[in-house]
$ cat protein39.cif   # mmCIF, C-alpha atoms; chains and numbers go by the auth columns
data_structure
loop_
_atom_site.group_PDB
_atom_site.id
_atom_site.type_symbol
_atom_site.label_atom_id
_atom_site.label_comp_id
_atom_site.label_asym_id
_atom_site.label_seq_id
_atom_site.Cartn_x
_atom_site.Cartn_y
_atom_site.Cartn_z
_atom_site.B_iso_or_equiv
_atom_site.auth_seq_id
_atom_site.auth_asym_id
ATOM 1 C CA MET A 1 -9.842 -12.726 -0.649 0.00 1 A
ATOM 2 C CA TYR A 2 -9.279 -9.254 -2.076 0.00 2 A
ATOM 3 C CA SER A 3 -9.929 -8.591 -5.744 0.00 3 A
ATOM 4 C CA GLY A 4 -9.550 -5.312 -7.518 0.00 4 A
ATOM 5 C CA LYS A 5 -7.166 -2.830 -9.045 0.00 5 A
ATOM 6 C CA TYR A 6 -4.675 -3.125 -6.166 0.00 6 A
ATOM 7 C CA LEU A 7 -4.575 -6.941 -6.121 0.00 7 A
ATOM 8 C CA PRO A 8 -0.803 -7.020 -6.857 0.00 8 A
ATOM 9 C CA ILE A 9 0.015 -5.213 -3.590 0.00 9 A
ATOM 10 C CA TYR A 10 -2.311 -7.584 -1.715 0.00 10 A
ATOM 11 C CA ASP A 11 -0.481 -10.566 -3.236 0.00 11 A
ATOM 12 C CA PHE A 12 2.918 -9.034 -2.517 0.00 12 A
ATOM 13 C CA LEU A 13 2.178 -8.338 1.138 0.00 13 A
ATOM 14 C CA ARG A 14 0.677 -11.801 1.692 0.00 14 A
ATOM 15 C CA LYS A 15 4.091 -13.284 0.790 0.00 15 A
ATOM 16 C CA ILE A 16 6.183 -11.107 3.134 0.00 16 A
ATOM 17 C CA LYS A 17 7.604 -13.010 6.122 0.00 17 A
ATOM 18 C CA THR A 18 8.618 -10.021 8.275 0.00 18 A
ATOM 19 C CA ASN A 19 6.321 -7.890 10.427 0.00 19 A
ATOM 20 C CA GLU A 20 7.267 -4.650 8.694 0.00 20 A
ATOM 21 C CA VAL A 21 8.338 -3.611 5.206 0.00 21 A
ATOM 22 C CA THR A 22 9.173 -0.191 3.763 0.00 22 A
ATOM 23 C CA LEU A 23 8.637 0.318 0.038 0.00 23 A
ATOM 24 C CA SER A 24 9.401 3.279 -2.156 0.00 24 A
ATOM 25 C CA PHE A 25 6.560 4.623 -4.244 0.00 25 A
ATOM 26 C CA GLY A 26 8.526 3.441 -7.291 0.00 26 A
ATOM 27 C CA GLU A 27 8.679 -0.098 -5.901 0.00 27 A
ATOM 28 C CA ILE A 28 4.936 -0.018 -5.284 0.00 28 A
ATOM 29 C CA GLU A 29 4.352 1.104 -8.868 0.00 29 A
ATOM 30 C CA GLU A 30 6.553 -1.750 -10.117 0.00 30 A
ATOM 31 C CA ILE A 31 4.483 -4.214 -8.076 0.00 31 A
ATOM 32 C CA LEU A 32 1.223 -2.713 -9.334 0.00 32 A
ATOM 33 C CA LYS A 33 2.402 -2.322 -12.963 0.00 33 A
ATOM 34 C CA PHE A 34 0.828 1.146 -13.094 0.00 34 A
ATOM 35 C CA SER A 35 1.483 4.599 -11.662 0.00 35 A
ATOM 36 C CA LEU A 36 0.009 5.692 -8.384 0.00 36 A
ATOM 37 C CA PRO A 37 -2.428 8.589 -8.644 0.00 37 A
ATOM 38 C CA LYS A 38 -1.123 12.104 -7.986 0.00 38 A
ATOM 39 C CA SER A 39 -3.024 12.180 -4.708 0.00 39 A
ATOM 40 C CA ALA A 40 -0.816 9.356 -3.350 0.00 40 A
ATOM 41 C CA TYR A 41 2.167 11.667 -3.760 0.00 41 A
ATOM 42 C CA ILE A 42 0.669 14.783 -2.191 0.00 42 A
ATOM 43 C CA HIS A 43 -1.890 13.641 0.398 0.00 43 A
ATOM 44 C CA SER A 44 -0.909 11.325 3.224 0.00 44 A
ATOM 45 C CA ALA A 45 -4.645 10.670 3.654 0.00 45 A
ATOM 46 C CA TRP A 46 -4.524 8.584 0.444 0.00 46 A
ATOM 47 C CA TRP A 47 -2.583 6.022 2.509 0.00 47 A
ATOM 48 C CA ALA A 48 -5.096 6.001 5.378 0.00 48 A
ATOM 49 C CA ASN A 49 -6.152 2.651 6.780 0.00 49 A
ATOM 50 C CA ASP A 50 -9.804 3.370 6.032 0.00 50 A
ATOM 51 C CA ILE A 51 -11.755 1.079 3.727 0.00 51 A
ATOM 52 C CA GLY A 52 -14.844 3.226 4.005 0.00 52 A
ATOM 53 C CA THR A 53 -13.412 5.986 1.839 0.00 53 A
ATOM 54 C CA HIS A 54 -10.199 4.486 0.448 0.00 54 A
ATOM 55 C CA THR A 55 -10.724 1.433 -1.711 0.00 55 A
ATOM 56 C CA GLN A 56 -6.958 1.003 -2.128 0.00 56 A
ATOM 57 C CA ALA A 57 -6.692 0.423 1.634 0.00 57 A
ATOM 58 C CA LYS A 58 -8.669 -2.806 1.227 0.00 58 A
ATOM 59 C CA SER A 59 -5.661 -4.336 -0.548 0.00 59 A
ATOM 60 C CA TRP A 60 -3.307 -3.997 2.406 0.00 60 A
ATOM 61 C CA LEU A 61 -5.869 -4.327 5.196 0.00 61 A
ATOM 62 C CA GLN A 62 -7.331 -7.551 3.805 0.00 62 A
ATOM 63 C CA ALA A 63 -3.774 -8.861 3.381 0.00 63 A
ATOM 64 C CA GLY A 64 -3.279 -8.305 7.130 0.00 64 A
ATOM 65 C CA TRP A 65 -1.229 -5.084 7.009 0.00 65 A
ATOM 66 C CA LYS A 66 -1.629 -1.401 7.833 0.00 66 A
ATOM 67 C CA THR A 67 0.291 1.648 6.678 0.00 67 A
ATOM 68 C CA LYS A 68 2.435 3.840 8.884 0.00 68 A
ATOM 69 C CA ASN A 69 5.295 6.307 8.431 0.00 69 A
ATOM 70 C CA ILE A 70 4.266 7.767 5.099 0.00 70 A
ATOM 71 C CA ASP A 71 6.994 9.923 3.565 0.00 71 A
ATOM 72 C CA LEU A 72 5.214 11.633 0.665 0.00 72 A
ATOM 73 C CA ARG A 73 6.929 11.212 -2.716 0.00 73 A
ATOM 74 C CA LYS A 74 9.295 8.668 -1.201 0.00 74 A
ATOM 75 C CA THR A 75 8.237 5.706 0.931 0.00 75 A
ATOM 76 C CA VAL A 76 5.509 4.032 2.937 0.00 76 A
ATOM 77 C CA THR A 77 5.971 1.479 5.677 0.00 77 A
ATOM 78 C CA PHE A 78 3.541 -1.390 6.037 0.00 78 A
ATOM 79 C CA GLU A 79 3.174 -3.107 9.419 0.00 79 A
ATOM 80 C CA ARG A 80 1.563 -6.482 9.981 0.00 80 A
ATOM 81 C CA LEU A 81 -1.691 -6.293 11.938 0.00 81 A
#
$ encode --input "protein39.cif" --output "structure tokens"
Amino acid sequence: MYSGKYLPIYDFLRKIKTNEVTLSFGEIEEILKFSLPKSAYIHSAWWANDIGTHTQAKSWLQAGWKTKNIDLRKTVTFERL
């Protein structure tokens, strides 16, 4: 099981019944209870499905999801693996 700063998004995604969900950055911040870093708003690479260099990716990958369709400053779509 995932543990860490992004645990709330892990928990949220584990409860989703659909195979895809699109969340606004604001919704993600509400789930997390803290603001995303500036880099999440200006670099699509922050959302990369790479646990080697992006510790935040562990939260969604270990929950069984990957990111796709990142619209910087607006939304990100998660797709079930």
$ atom_distance --input "protein39.cif" --atom1 "CA of Leu13 in chain A" --atom2 "CA of Leu32 in chain A"
11.9 Å
$ atom_distance --input "protein39.cif" --atom1 "CA of Lys15 in chain A" --atom2 "CA of Thr67 in chain A"
16.5 Å
$ closest_residue --input "protein39.cif" --among "A:Asp71, A:Leu81, A:Ser59, A:Gly64" --to "Leu7 in chain A" --atoms "all atoms listed in the file"
A:Ser59
$ resolve_selection --input "protein39.cif" --expression "the PyMOL selection byres ((chain A and resi 29) around 12)" --output "list in words"
Tyr6, Pro8, Ile9, Leu23, Ser24, Phe25, Gly26, Glu27, Ile28, Glu30, Ile31, Leu32, Lys33, Phe34, Ser35, Leu36, Pro37, Ala40, Tyr41, Lys74 and Thr75 of chain A
$ write_last_selection --input "protein39.cif" --atoms "C-alpha atoms" --output "mmCIF file, keeping the file's coordinate frame"
data_model
loop_
_atom_site.group_PDB
_atom_site.id
_atom_site.type_symbol
_atom_site.label_atom_id
_atom_site.label_comp_id
_atom_site.auth_asym_id
_atom_site.auth_seq_id
_atom_site.Cartn_x
_atom_site.Cartn_y
_atom_site.Cartn_z
ATOM 1 C CA TYR A 6 -4.675 -3.125 -6.166
ATOM 2 C CA PRO A 8 -0.803 -7.020 -6.857
ATOM 3 C CA ILE A 9 0.015 -5.213 -3.590
ATOM 4 C CA LEU A 23 8.637 0.318 0.038
ATOM 5 C CA SER A 24 9.401 3.279 -2.156
ATOM 6 C CA PHE A 25 6.560 4.623 -4.244
ATOM 7 C CA GLY A 26 8.526 3.441 -7.291
ATOM 8 C CA GLU A 27 8.679 -0.098 -5.901
ATOM 9 C CA ILE A 28 4.936 -0.018 -5.284
ATOM 10 C CA GLU A 30 6.553 -1.750 -10.117
ATOM 11 C CA ILE A 31 4.483 -4.214 -8.076
ATOM 12 C CA LEU A 32 1.223 -2.713 -9.334
ATOM 13 C CA LYS A 33 2.402 -2.322 -12.963
ATOM 14 C CA PHE A 34 0.828 1.146 -13.094
ATOM 15 C CA SER A 35 1.483 4.599 -11.662
ATOM 16 C CA LEU A 36 0.009 5.692 -8.384
ATOM 17 C CA PRO A 37 -2.428 8.589 -8.644
ATOM 18 C CA ALA A 40 -0.816 9.356 -3.350
ATOM 19 C CA TYR A 41 2.167 11.667 -3.760
ATOM 20 C CA LYS A 74 9.295 8.668 -1.201
ATOM 21 C CA THR A 75 8.237 5.706 0.931
#
$ resolve_selection --input "protein39.cif" --expression "the PyMOL selection byres ((chain A and resi 56) around 9)" --output "ChimeraX atom specification"
/A:4-6,46-47,50-51,54-55,57-60
$ atom_distance --input "protein39.cif" --atom1 "CA of His43 in chain A" --atom2 "CA of Lys17 in chain A"
28.9 Å
$ closest_residue --input "protein39.cif" --among "A:Leu72, A:Asn19, A:Ser3, A:Glu79" --to "Ser39 in chain A" --atoms "all atoms listed in the file"
A:Leu72
$ axis_aligned_box --input "protein39.cif" --around "range 3-19 of chain A" --padding-each-side "4 Å" --output "JSON"
{"center_x": -0.7, "center_y": -8.1, "center_z": 0.7, "size_x": 26.5, "size_y": 18.5, "size_z": 27.5}
$ residues_around --input "protein39.cif" --residues "Glu20 in chain A" --least-positions-apart "2" --cutoff "8 Å" --atoms "only C-alpha atoms" --output "list in words"
Thr18, Thr22, Thr77, Phe78, Glu79 and Arg80 of chain A
$ closest_residue --input "protein39.cif" --among "A:Leu61, A:Ile42, A:Met1, A:Ala48" --to "Arg73 in chain A" --atoms "all atoms listed in the file"
A:Ile42
